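Notes to accompany the following structure.
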Amino acid sequence: MKKVTLYTDGACSGNPGMGGWGCLLLYGEHTLRLSGGEKMTTNQRMELTAAIKGLQALNQPCSVAIYSDSAYLIRAFTEGWLANWQRNGWLNSKKQPVENKDLWLELLRLSEIHDVSWHKVKGHAGDANNEICDALAKQAIVDLS
């Protein structure tokens, strides 16, 4: 199984507001940068979308190490939030409907195709690949204007 590293980031100008996402796929000597945006969205949706778009770009099942500065994204997988939400009928700990359920469902589907590990990186702390994704996400917002 191919080993791929995926860095992701999302950004929003206003929350909600114009948003962008960026991701960086690394495989051997190959690098793929992807980005996009939406005119009315939230930062959380852009964080999730970046991971989705990166995973969707893979043309075969891979072992994927995902790095994100989004605690929301990483903790949902590493701390059992998704399992709890599913067990509770997609209600959060406050018994409210889980936000972004459509994106979480897509991430779960993609996680069944790929062998995914989730890693938190500190944002804006000098991680070069995280900074690239941040710049891609912010440029996607500019491109929407």
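Just so we're on the same page: first chain in the structure tokens is A, next is B, and so on; residues restart at 1 for each chain, and ligands are numbered from 1 in the order they show up.
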Tell me, which residues of stretch 25-83 of chain A carry DSSP strand (DSSP E or B), written as a PyMOL selection string?
chain A and resi 25-27+30-41+62-68
Just the residues within 6 Å of stretch 9-22 of chain A, please, counting only C-alpha atoms, with nothing from its chain fewer than 5 positions along; format it as a PyMOL selection string.
chain A and resi 34-43+46-47+50+133-134+136-137+140-141
Would you please extract all helix (DSSP H, G or I) residues from chain A, as assigned by DSSP on the backbone, and give them as a ChimeraX atom specification?
/A:43-56,71-78,81-87,101-113,128-144
How about saving the chosen residues, C-alpha atoms kept, as a PDB file, in the first residue's frame?
ATOM      1  CA  ASN A  43     -13.946  27.722   9.014  1.00  0.00           C
ATOM      2  CA  GLN A  44     -14.866  24.263  10.309  1.00  0.00           C
ATOM      3  CA  ARG A  45     -16.395  23.265   6.957  1.00  0.00           C
ATOM      4  CA  MET A  46     -13.246  24.374   5.173  1.00  0.00           C
ATOM      5  CA  GLU A  47     -11.033  22.365   7.544  1.00  0.00           C
ATOM      6  CA  LEU A  48     -13.068  19.226   6.839  1.00  0.00           C
ATOM      7  CA  THR A  49     -13.287  19.939   3.111  1.00  0.00           C
ATOM      8  CA  ALA A  50      -9.495  20.162   2.833  1.00  0.00           C
ATOM      9  CA  ALA A  51      -9.147  16.642   4.240  1.00  0.00           C
ATOM     10  CA  ILE A  52     -11.940  15.339   2.012  1.00  0.00           C
ATOM     11  CA  LYS A  53     -10.465  16.847  -1.158  1.00  0.00           C
ATOM     12  CA  GLY A  54      -7.036  15.452  -0.364  1.00  0.00           C
ATOM     13  CA  LEU A  55      -8.381  11.952   0.215  1.00  0.00           C
ATOM     14  CA  GLN A  56     -10.596  12.150  -2.876  1.00  0.00           C
ATOM     15  CA  ALA A  71      -8.344  20.215  16.731  1.00  0.00           C
ATOM     16  CA  TYR A  72     -11.984  19.803  15.611  1.00  0.00           C
ATOM     17  CA  LEU A  73     -10.971  17.499  12.764  1.00  0.00           C
ATOM     18  CA  ILE A  74      -8.248  15.541  14.522  1.00  0.00           C
ATOM     19  CA  ARG A  75     -10.004  15.055  17.859  1.00  0.00           C
ATOM     20  CA  ALA A  76     -13.186  13.793  16.188  1.00  0.00           C
ATOM     21  CA  PHE A  77     -11.169  10.804  14.975  1.00  0.00           C
ATOM     22  CA  THR A  78      -8.609  10.371  17.750  1.00  0.00           C
ATOM     23  CA  TRP A  81     -16.217  11.864  18.943  1.00  0.00           C
ATOM     24  CA  LEU A  82     -17.386  10.318  15.667  1.00  0.00           C
ATOM     25  CA  ALA A  83     -18.153   6.988  17.280  1.00  0.00           C
ATOM     26  CA  ASN A  84     -20.148   8.758  20.009  1.00  0.00           C
ATOM     27  CA  TRP A  85     -22.054  10.884  17.488  1.00  0.00           C
ATOM     28  CA  GLN A  86     -22.986   7.818  15.473  1.00  0.00           C
ATOM     29  CA  ARG A  87     -24.011   5.880  18.582  1.00  0.00           C
ATOM     30  CA  LYS A 101     -22.774  15.826   9.349  1.00  0.00           C
ATOM     31  CA  ASP A 102     -22.578  15.648   5.546  1.00  0.00           C
ATOM     32  CA  LEU A 103     -18.828  16.233   5.623  1.00  0.00           C
ATOM     33  CA  TRP A 104     -18.255  13.872   8.547  1.00  0.00           C
ATOM     34  CA  LEU A 105     -20.097  11.123   6.664  1.00  0.00           C
ATOM     35  CA  GLU A 106     -17.869  11.656   3.628  1.00  0.00           C
ATOM     36  CA  LEU A 107     -14.739  11.574   5.804  1.00  0.00           C
ATOM     37  CA  LEU A 108     -15.906   8.323   7.372  1.00  0.00           C
ATOM     38  CA  ARG A 109     -16.523   6.840   3.923  1.00  0.00           C
ATOM     39  CA  LEU A 110     -13.071   7.864   2.714  1.00  0.00           C
ATOM     40  CA  SER A 111     -11.483   6.575   5.923  1.00  0.00           C
ATOM     41  CA  GLU A 112     -12.871   3.135   5.102  1.00  0.00           C
ATOM     42  CA  ILE A 113     -11.087   3.187   1.726  1.00  0.00           C
ATOM     43  CA  ALA A 128       6.470  24.587   6.351  1.00  0.00           C
ATOM     44  CA  ASN A 129       3.816  22.243   4.945  1.00  0.00           C
ATOM     45  CA  ASN A 130       1.127  23.641   7.234  1.00  0.00           C
ATOM     46  CA  GLU A 131       2.099  27.154   6.152  1.00  0.00           C
ATOM     47  CA  ILE A 132       1.775  26.146   2.481  1.00  0.00           C
ATOM     48  CA  CYS A 133      -1.751  24.859   3.114  1.00  0.00           C
ATOM     49  CA  ASP A 134      -2.636  28.023   5.028  1.00  0.00           C
ATOM     50  CA  ALA A 135      -1.438  30.137   2.091  1.00  0.00           C
ATOM     51  CA  LEU A 136      -3.410  27.997  -0.382  1.00  0.00           C
ATOM     52  CA  ALA A 137      -6.585  28.374   1.692  1.00  0.00           C
ATOM     53  CA  LYS A 138      -6.163  32.135   2.031  1.00  0.00           C
ATOM     54  CA  GLN A 139      -5.430  32.529  -1.692  1.00  0.00           C
ATOM     55  CA  ALA A 140      -8.608  30.579  -2.494  1.00  0.00           C
ATOM     56  CA  ILE A 141     -10.562  33.229  -0.564  1.00  0.00           C
ATOM     57  CA  VAL A 142      -8.854  36.004  -2.539  1.00  0.00           C
ATOM     58  CA  ASP A 143      -9.676  34.176  -5.764  1.00  0.00           C
ATOM     59  CA  LEU A 144     -13.383  34.177  -4.835  1.00  0.00           C
TER      60      LEU A 144
END
Atom CA of A:Gly126 to atom CA of A:Tyr7, straight-line distance in Å
13.7 Å
Using atom CA of A:Lys2 and atom CA of A:Val121 as the two end points, give the distance in Å to one decimal.
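So the answer is 22.6 Å.
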From the set A:Gly28, A:Cys62, A:Gln96, A:His119, which residue has the shortest atom-to-atom contact distance to A:Thr8, counting only C-alpha atoms?
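Of A:Gly28, A:Cys62, A:Gln96, A:His119, the one nearest A:Thr8 is A:His119, counting only C-alpha atoms.
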Residue neighbourhood A:Lys3, 7 Å, only C-alpha atoms, exclusion window fewer than 6 positions, as a list in words
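The neighbour list is Tyr27, Cys62, Ser63 and Val64 of chain A.
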Quick check, in Å to one decimal: how far apart do atom CA of A:Trp118 and atom CA of A:Ser70 lie?
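Calculated distance between atom CA of A:Trp118 and atom CA of A:Ser70 is 10.6 Å.
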Non-local contacts of A:His30 (12 Å; only C-alpha atoms; under 6 positions in same chain excluded) as JSON, numbers by chain
{"A": [3, 4, 5, 6, 24]}
May I have the selected residues written with N, CA and C atoms, as a PDB file, in the first residue's frame?
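To be explicit, this is the file written out as again.pdb:
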ATOM      1  N   LYS A   3       2.323   4.839   0.732  1.00  0.00           N
ATOM      2  CA  LYS A   3       2.285   5.719   1.894  1.00  0.00           C
ATOM      3  C   LYS A   3       2.275   7.166   1.419  1.00  0.00           C
ATOM      4  N   VAL A   4       1.251   7.892   1.829  1.00  0.00           N
ATOM      5  CA  VAL A   4       1.044   9.278   1.422  1.00  0.00           C
ATOM      6  C   VAL A   4       0.946  10.148   2.668  1.00  0.00           C
ATOM      7  N   THR A   5       1.506  11.342   2.576  1.00  0.00           N
ATOM      8  CA  THR A   5       1.346  12.335   3.634  1.00  0.00           C
ATOM      9  C   THR A   5       0.438  13.430   3.102  1.00  0.00           C
ATOM     10  N   LEU A   6      -0.558  13.787   3.896  1.00  0.00           N
ATOM     11  CA  LEU A   6      -1.521  14.812   3.501  1.00  0.00           C
ATOM     12  C   LEU A   6      -1.569  15.895   4.575  1.00  0.00           C
ATOM     13  N   LEU A  24      -1.981  19.608   0.703  1.00  0.00           N
ATOM     14  CA  LEU A  24      -0.701  19.259   0.116  1.00  0.00           C
ATOM     15  C   LEU A  24      -0.520  17.751   0.260  1.00  0.00           C
TER      16      LEU A  24
END
Quick one: of A:Gln60, A:Asn100, A:Asn88, A:Ser68, who's nearest to A:Cys23, counting only C-alpha atoms?
A:Ser68
